[in-house]
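Worksheet: one structure, shown below.
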Amino acid sequence: ICFSLDHDGSNEFEAERLQAIKLIRVMLLLNPGIFTLACCRSLVALGETPNNVHHRSALTILCELATLNPELLNLSGGMRALLSAAITVQIPAINEALIHTIVRLLNAPDTRVALRHSLDLDMVTAPLLDADYKHSLESLDAPPEQAMNEKLEHLNGSYMAVIWMLRTWPGLVYLCRAEPTNTIAAMIDALPCPNENVQFAIMDVIYQALHIRVPTDSDNFDVALESIEYSATQESWSLDRGWLAEEARCTLLPRQSHRLNFIHQYHATLLRAFVDRGLLERLAEVALSDNPLVQVHGVVLLGEVHARAAQLIPNEEGYRLNCLPSLIGIAVDPDMEPAKRQRATAVMAQLQRIQSLRQRPVIPTSPYLTQIMQRSPEVADLKMKFQPDSNRNDVDDATILAMVKAATGNSSELEKWNWPAVSLLLRTPGVTYKRLDELSPKCLRRISYFFMPSAYLFSTEIYSVSKVSSYSRVGAALVKFLIAAGHDEPQKFLLDITQEVVTGLSELLRPIQSGGLKIFTEDKVAKTMTRDYFLFIGELSTTRAGIDFLQKLDVFKIMLDLCDLHSRPDIQRLIIACLDYSHDSYSRIILTKLLTCGTKDMRQYATRHMRIFCRAGVNFFRTYILELLVGQLYDSEPDVSEEALDILDEACQDEVNLKALISLQPALLHLGPKGRSLFLRFLSVPSGFQLLKNMNFISAEIESWFQRECQAYVVSAETQMLQVLSSYRPLPEGHYARRGLENEEEQFAPHASQLLLPVHLYGELCQQREGLNMLVQAHHIPHFVMQLQQPLDNPRNIQRVKAAVWALCHIGSSAFGLEQLKKEVAIPPIIELAETCPMYSVRGTCTLALSLVARRPEGCNMLEEHGWMATRTPAGGERAPVGEDAFDDDDETSDDVFDWQDDTSSVNSKELKPCFSSGFKPSSPQGAHRTDCMLPKFPVTATSSLNSDSRSGGVESMLPLPKLPVSSMMSFGGDSRSGGVKKSASVVLSDSSQVSVSSQVSTPNMGIARRTSVPLTLNVLPTSISCRSPVMGYSAPQSPYTTGSVRTPSSVLRRSSVARINVTADRVPSTGSTSQGYVMARVASGNKFIGICLPANIRRLFQCEPAKFAYSSASKELGAQMERGLACDNLHSIETCLRCCVHPVPGVKSYDDEAPPQTAPTGSYSKITTDPASFESTTIGGRHRFRKEMIKLIVKLSCPVGSRATQQIILAMKDQCPTMFKDICLYSQVAELLALYHYRYHVRVFIQGLFDIADTLKS
């Protein structure tokens, strides 16, 4: 077998080598315990040769060997081959498999000995940390271009390897190990190095580890900022692909989550480890780099990491988020270089923009999604809240004429019109059809003519997002305006448009004929604005008058017939999206038909569309949509039923929806594990608990979970974690497949950070006192506490310990269960396992499971008693991230057209509009925002060194305000704890050392800040600035032990008891500027927190003691054999000789029958004879000397130094004595050396090519 593997690469022996590899793999799988060292050496040589055709096959078998027989892998040097391949292989799938194999060995203490502590794994990270890294001796002699390409390849391999290691708990523990200098610390310290490639690689590692979208490589900050927008249009949102359902899935977050999202715990662990090693300070240095590309990436990463840390890291650790004071100090230091001061000022301005981007709600790009969101009751309430005067009718004629002039420009050319102004005109309260017709009779006629299909104006415009904002909004506003008029004359305009649309739809139902409008052809619907005629029909379906109007034209009947037109799925998707289902009308009949009678793809899409109603929170979801979803559970196609089940699972995160589903009593157990999981959630509410109790379901299920399901839950939880933290996804058959490239891009979307913990019976059961009593009577809790003490010496015990940890922590997720765990003293053993368990994967399980306990205030207090800190950020209450377009269709540019503010007012229209257009600040893609992290912005007079527009980086840039010490500065008056008027400061920085301060007054319950012109001048030294309060999302360097510190009202609120955390939007004061509006914070029912807990000293989690290497019997035997070979002792043995053991030749003496040669002293080389003429193959002594010298030379070939000279000597000996290389006994001795020592592949090929034994073996 080894002879076949080590043969030269000619195609003549390709089939033989392939069969040899297959045979080796079968031998390994059948009995890994007797797998030979010789085969391992051959595989290692192949694995170290990247250009060999069987390189990947050898690596695959070595990975299997590491799992089945790690000791043999260590003896054969296979670990070095895997580590080397991890940075040379450029294919992510292979790189990930190699790293997971290495991490598996790192996990357990008995296999960890194969990796030398702080040495072997550092080989993988070396290219990332060493700018002068050289992979091999050959790299020294390579041409510069080839050397650079190899260096970049190794850097990319190391980058991928570090990412995969960070996404496993053993790899995370090792990289962040509690040592003065670990890999993460070295990586962070290398950030400011002048090597651009290394800087980008390290920053990309942080981007990927925290699931942050990587910005586009550009020196323009606006381009980079636009590339990380989660609401940017994607290809998967096109009409022929996922369209509206996919856009909603990517942009709208689940409304509430009563289940734990344990990606938060993973991100919090990473952030604590990074911040503890000084990441923010290093990123601040990178943000001031002279390289514009590096600078832009550094600023974006600093803003994202800082905002994420402010959300996930406990308030007690907020003093570590202290990079802004250094930037402020540089910006105001008069002794600093002007260029560096300008860069610091620009960085602070860009950080403000990043914060605004994170707080800005996601605006739907599709008008259909906007139309659906307008029907949400929460958006309607916000409309009334922020537009209290929407019903006023006091607009005078002069104002209307001014609006018409601004919209049309007194021009008959529609291309020159200001369409956002037209939209605002039609939506302005008080502007009626009668008044507009009297003041400007041609205006409405021209607008109506533009939207006539026969005019070929609107219907021929190429579809784009900008035109949707300009034209489609005006069309929807026109339809609403005309139908609300209630007169025959305005409805005549509407009738002309609608009749032509109906004619076009009717043409789809008739055979192809010549003539006609043909406005709804596939090509026009896909490429032009024709599709938005359905948007106008949907606008009519929202009112009773509009429904009657559509019924007169038989629009609903035509749509019902189009549901059977299976050749046009695009038309059917538009029909689903446009209609309003809040009324019991024909719209519901059409939806029911598409859900039940359409094709399989259409039924699946229609079912997927129901998720939009769930996340939008429409009133008819639990009264109508839930029933439709329950009906879809019985669809004949599994994909449709699974989609419906997934939506129901998400909807039941809201307790109201869960109770509504329980009242329907659906059959779920036939749907597999997901159906059973949803069925178990019925236990969390009294009505569901009583229902399952009456069915005698609970007792049998408790016994089943105690016997089997608790251990199966461990696999389920780890599998779900694998879907987000790896590139593999599970298949129904139990196998795994790698995700496609398009899905890899999606992992950074907002929904990718939502990984909810699977449902556990004990966690749902303990929500009721009666359910906990059933567990107590069954004596399960003491049993699981005892399971924690089991030795972790085999996989079965490890699985039991993990199952016990999950079961106990799920019990502790309720107030009733937490009391019981306190009696059983169950939490301290879990904390001890999380900090000191030698099995790293068990540490990860304990850390994640303890976050369940941290969801309740009682659990947080219990954890704090044991030295752990919990993040008390309220969980749940997350609103769908819909921006101003959900309830205000006016374009932002309309502010430039109309100025409604009086000249005497202190608040201009620019400050007023964002207050109600932003409405509320829902959850960012990463979760809820803290309300204590912002202070009012202030303008800075400085020139930005980053390319940005005039809104943020120009003369009036908005920068954060550090709170100045009262003792050294001044008191602005006002009590921050009172309900009266609060005062803050506004600072204008200039190139001089003076700081201009103006007071800024804001009322506590308004989102509008009024600036007064009270200039004050202070001379402020850079050293006198002390940032003692959170600054616009960046916590100040405030130690929890500092006395006399002033807390903001929101920070006091967050640290107080849970009873004080129940706040509403009306009671939360505005802590931001006018553009930030209200902070809508709402705590989920049950007063639950986000669920994050970590040790106060994060390094306690990463204690990593070096494993003590213990030589096994096999290792000792191999060492003895290698010493014998080094001493050139006789290695010949009848048991291993191919001739003497299997086929002895009669009449020919074997090697052992001849006189024994004189051997050299043990442990030393004798002088190698380099004269081939001194050997005589005809005498016994000459043959002995030949074998002796040949063994010496073969052993010497294991060292790369001097290999070529040694090969020349061997070739000369072969020319002198060619018959000796046909001796099978000698070949057997050489084969034994090939198994004992490590040889490179080309050396093994050379040695195997010396012997011509094929004919002898055949004989």
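Lettering and numbering for the structure tokens are positional, with chains as A, B, ... in the shown order, residues counted from 1 in each chain, and ligands counted from 1 in the shown order.
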* Asked: Hey, what's within 8 Å of stretch 1231-1241 of chain A if we count only C-alpha atoms and toss same-chain stuff fewer than 3 positions away? As an MDAnalysis selection string, please?
  -> chainID A and resid 6 37:39 41:42 45:46 48:49 76:77 1118 1121:1122 1125 1131 1194:1195 1197:1199 1227:1228 1244:1245
* To do: Name all residues at most 10 Å from stretch 475-490 of chain A (count only C-alpha atoms; drop same-chain ones fewer than 2 positions away) and give them as a VMD selection string.
  => chain A and resid 367 371 422 to 427 431 to 434 437 444 to 445 447 to 448 450 to 451 458 468 470 to 473 492 to 495 497 to 498 532 to 540 542 to 543 545 to 546 549 889
* Asked: Nearest to A:Ser469 among A:Met373, A:Ile519, A:Met529, A:Leu270, with distances taken over only C-alpha atoms: which residue is it?
  ->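 Closest to A:Ser469, using only C-alpha atoms: A:Met529.
Using only C-alpha atoms, the nearest neighbour of A:Ala209 within the list A:Ala178, A:Ile662, A:Val305, A:Val785 is A:Val305.
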* Asked: Which residues in stretch 289-381 of chain A does DSSP call helix (DSSP H, G or I)? List them as a PyMOL selection string.
  -> chain A and resi 292-312+315-320+324-332+338-359+367-374+377-381
* To do: Would you please work out which residue, of A:Ile228, A:Leu288, A:Ile811, A:Cys837, is nearest to A:Tyr762 when using only C-alpha atoms?
  =>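 Using only C-alpha atoms, A:Tyr762 sits closest to A:Ile811.
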* **Shortest interatomic distance to A:Ala606 - which of A:Val404, A:Ile590, A:Leu82, A:Met869, counting only C-alpha atoms** => A:Ile590
* May I ask for the distance between atom CA of A:Pro782 and atom CA of A:Ser687, given in Å to one decimal place? =>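 Those two atoms sit 29.1 Å apart.
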* Mind checking which residues fall within 8 Å of A:Thr592, counting only C-alpha atoms, ignoring those fewer than 4 positions away in the same chain, and posting them as a PyMOL selection string? => chain A and resi 588+596+628
Export N, CA and C atoms of the chosen residues as a CSV table (one decimal), in the first residue's frame?
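Contents of selection_31.csv, as written:
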chain,number,residue,atom,x,y,z
A,588,ARG,N,-60.4,38.4,1.2
A,588,ARG,CA,-60.2,37.2,2.0
A,588,ARG,C,-60.5,35.9,1.1
A,596,THR,N,-54.9,27.6,-1.0
A,596,THR,CA,-55.3,26.2,-1.0
A,596,THR,C,-55.4,25.6,-2.4
A,628,LEU,N,-55.9,30.6,9.0
A,628,LEU,CA,-55.4,30.2,7.7
A,628,LEU,C,-54.1,29.4,7.9
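Each of A:Leu863, A:Ala834, A:Val395, A:Cys250 was checked against A:Val362 using only C-alpha atoms; the smallest atom-to-atom distance is that of A:Cys250.
Distance annotation: of A:Pro511, A:Pro638, A:Gly763, A:Pro325, the residue with the minimal separation from A:Asp601 is A:Pro638; atom set is only C-alpha atoms.
Atom CA of A:Asn291 sits 11.9 Å away from atom CA of A:Asn197.
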* Asked: Quick one: residues within 9 Å of A:Leu351, only C-alpha atoms counted, chain neighbours fewer than 5 positions away excluded, as a list in words?
  ->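 Contacts, with the query itself left out: Val299, Val300, Leu302, Gly303, Glu304, Ala346, Ser356 and Leu959 of chain A.
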* **Atomic separation - atom CA of A:Leu731 relative to atom CA of A:Ala807, Å** =>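 Separation between atom CA of A:Ala807 and atom CA of A:Leu731: 26.5 Å.
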* Might you pull out every residue within 8 Å of stretch 756-761 of chain A, with only C-alpha atoms counted and same-chain residues fewer than 4 positions away left off, and present them as a ChimeraX atom specification? => /A:259-262,677-678,680-681,702,705,713,716-717,765,807,810
Selected residues written out with C-alpha atoms, as a PDB file, in the first residue's frame:
ATOM      1  CA  ARG A 259     -37.348  32.827  24.403  1.00  0.00           C
ATOM      2  CA  LEU A 260     -33.629  33.289  24.846  1.00  0.00           C
ATOM      3  CA  ASN A 261     -31.594  34.444  21.876  1.00  0.00           C
ATOM      4  CA  PHE A 262     -28.279  32.897  22.837  1.00  0.00           C
ATOM      5  CA  SER A 677     -41.935  21.892  20.327  1.00  0.00           C
ATOM      6  CA  LEU A 678     -44.798  24.272  19.576  1.00  0.00           C
ATOM      7  CA  LEU A 680     -45.005  22.099  24.500  1.00  0.00           C
ATOM      8  CA  ARG A 681     -45.262  25.877  24.547  1.00  0.00           C
ATOM      9  CA  ILE A 702     -42.193  14.238  31.786  1.00  0.00           C
ATOM     10  CA  TRP A 705     -37.918  13.767  28.779  1.00  0.00           C
ATOM     11  CA  TYR A 713     -32.153  18.387  23.640  1.00  0.00           C
ATOM     12  CA  SER A 716     -30.850  19.967  19.195  1.00  0.00           C
ATOM     13  CA  ALA A 717     -29.411  23.070  20.874  1.00  0.00           C
ATOM     14  CA  LEU A 765     -43.666  23.467  32.768  1.00  0.00           C
ATOM     15  CA  ALA A 807     -32.650  21.058  32.509  1.00  0.00           C
ATOM     16  CA  HIS A 810     -34.527  25.963  32.204  1.00  0.00           C
TER      17      HIS A 810
END
* **Test item: residues at most 8 Å from stretch 93-96 of chain A, only C-alpha atoms, excluding those fewer than 4 positions along its chain, as a PyMOL selection string** => chain A and resi 85-87+89+100+157+160-161+164+727+738
* **Residues of stretch 598-795 of chain A in strand (DSSP E or B), written as a list in words** => Tyr728, Arg729, Pro730, Tyr736, Ala737, Arg738 and Leu756 of chain A
Save the residues we just selected, C-alpha atoms, as a CSV table (one decimal), in the first residue's frame?
chain,number,residue,atom,x,y,z
A,728,TYR,CA,-23.1,23.9,7.4
A,729,ARG,CA,-26.8,23.3,7.7
A,730,PRO,CA,-28.5,20.0,8.8
A,736,TYR,CA,-25.0,18.1,6.8
A,737,ALA,CA,-24.5,20.2,3.7
A,738,ARG,CA,-22.7,23.4,3.2
A,756,LEU,CA,-33.8,31.3,19.7
* Shell of 10 Å around A:Val715, only C-alpha atoms, local chain residues under 6 positions omitted, as a list in words ->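 After dropping sequence-adjacent residues, the list is Glu709, Met721, Gln799, Lys802 and Ala803 of chain A.
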Please save N, CA and C atoms of the selected residues as an mmCIF file, in the first residue's frame.
data_model
loop_
_atom_site.group_PDB
_atom_site.id
_atom_site.type_symbol
_atom_site.label_atom_id
_atom_site.label_comp_id
_atom_site.auth_asym_id
_atom_site.auth_seq_id
_atom_site.Cartn_x
_atom_site.Cartn_y
_atom_site.Cartn_z
ATOM 1 N N GLU A 709 -35.364 12.531 26.159
ATOM 2 C CA GLU A 709 -35.423 13.802 25.462
ATOM 3 C C GLU A 709 -34.473 14.855 26.026
ATOM 4 N N MET A 721 -27.123 25.993 17.080
ATOM 5 C CA MET A 721 -25.974 26.885 17.180
ATOM 6 C C MET A 721 -25.060 26.700 15.972
ATOM 7 N N GLN A 799 -22.557 13.911 27.872
ATOM 8 C CA GLN A 799 -23.907 14.210 27.405
ATOM 9 C C GLN A 799 -24.867 14.332 28.579
ATOM 10 N N LYS A 802 -24.317 17.747 30.354
ATOM 11 C CA LYS A 802 -24.905 18.838 29.575
ATOM 12 C C LYS A 802 -26.421 18.833 29.683
ATOM 13 N N ALA A 803 -27.019 17.650 29.630
ATOM 14 C CA ALA A 803 -28.471 17.559 29.757
ATOM 15 C C ALA A 803 -28.936 18.061 31.113
#
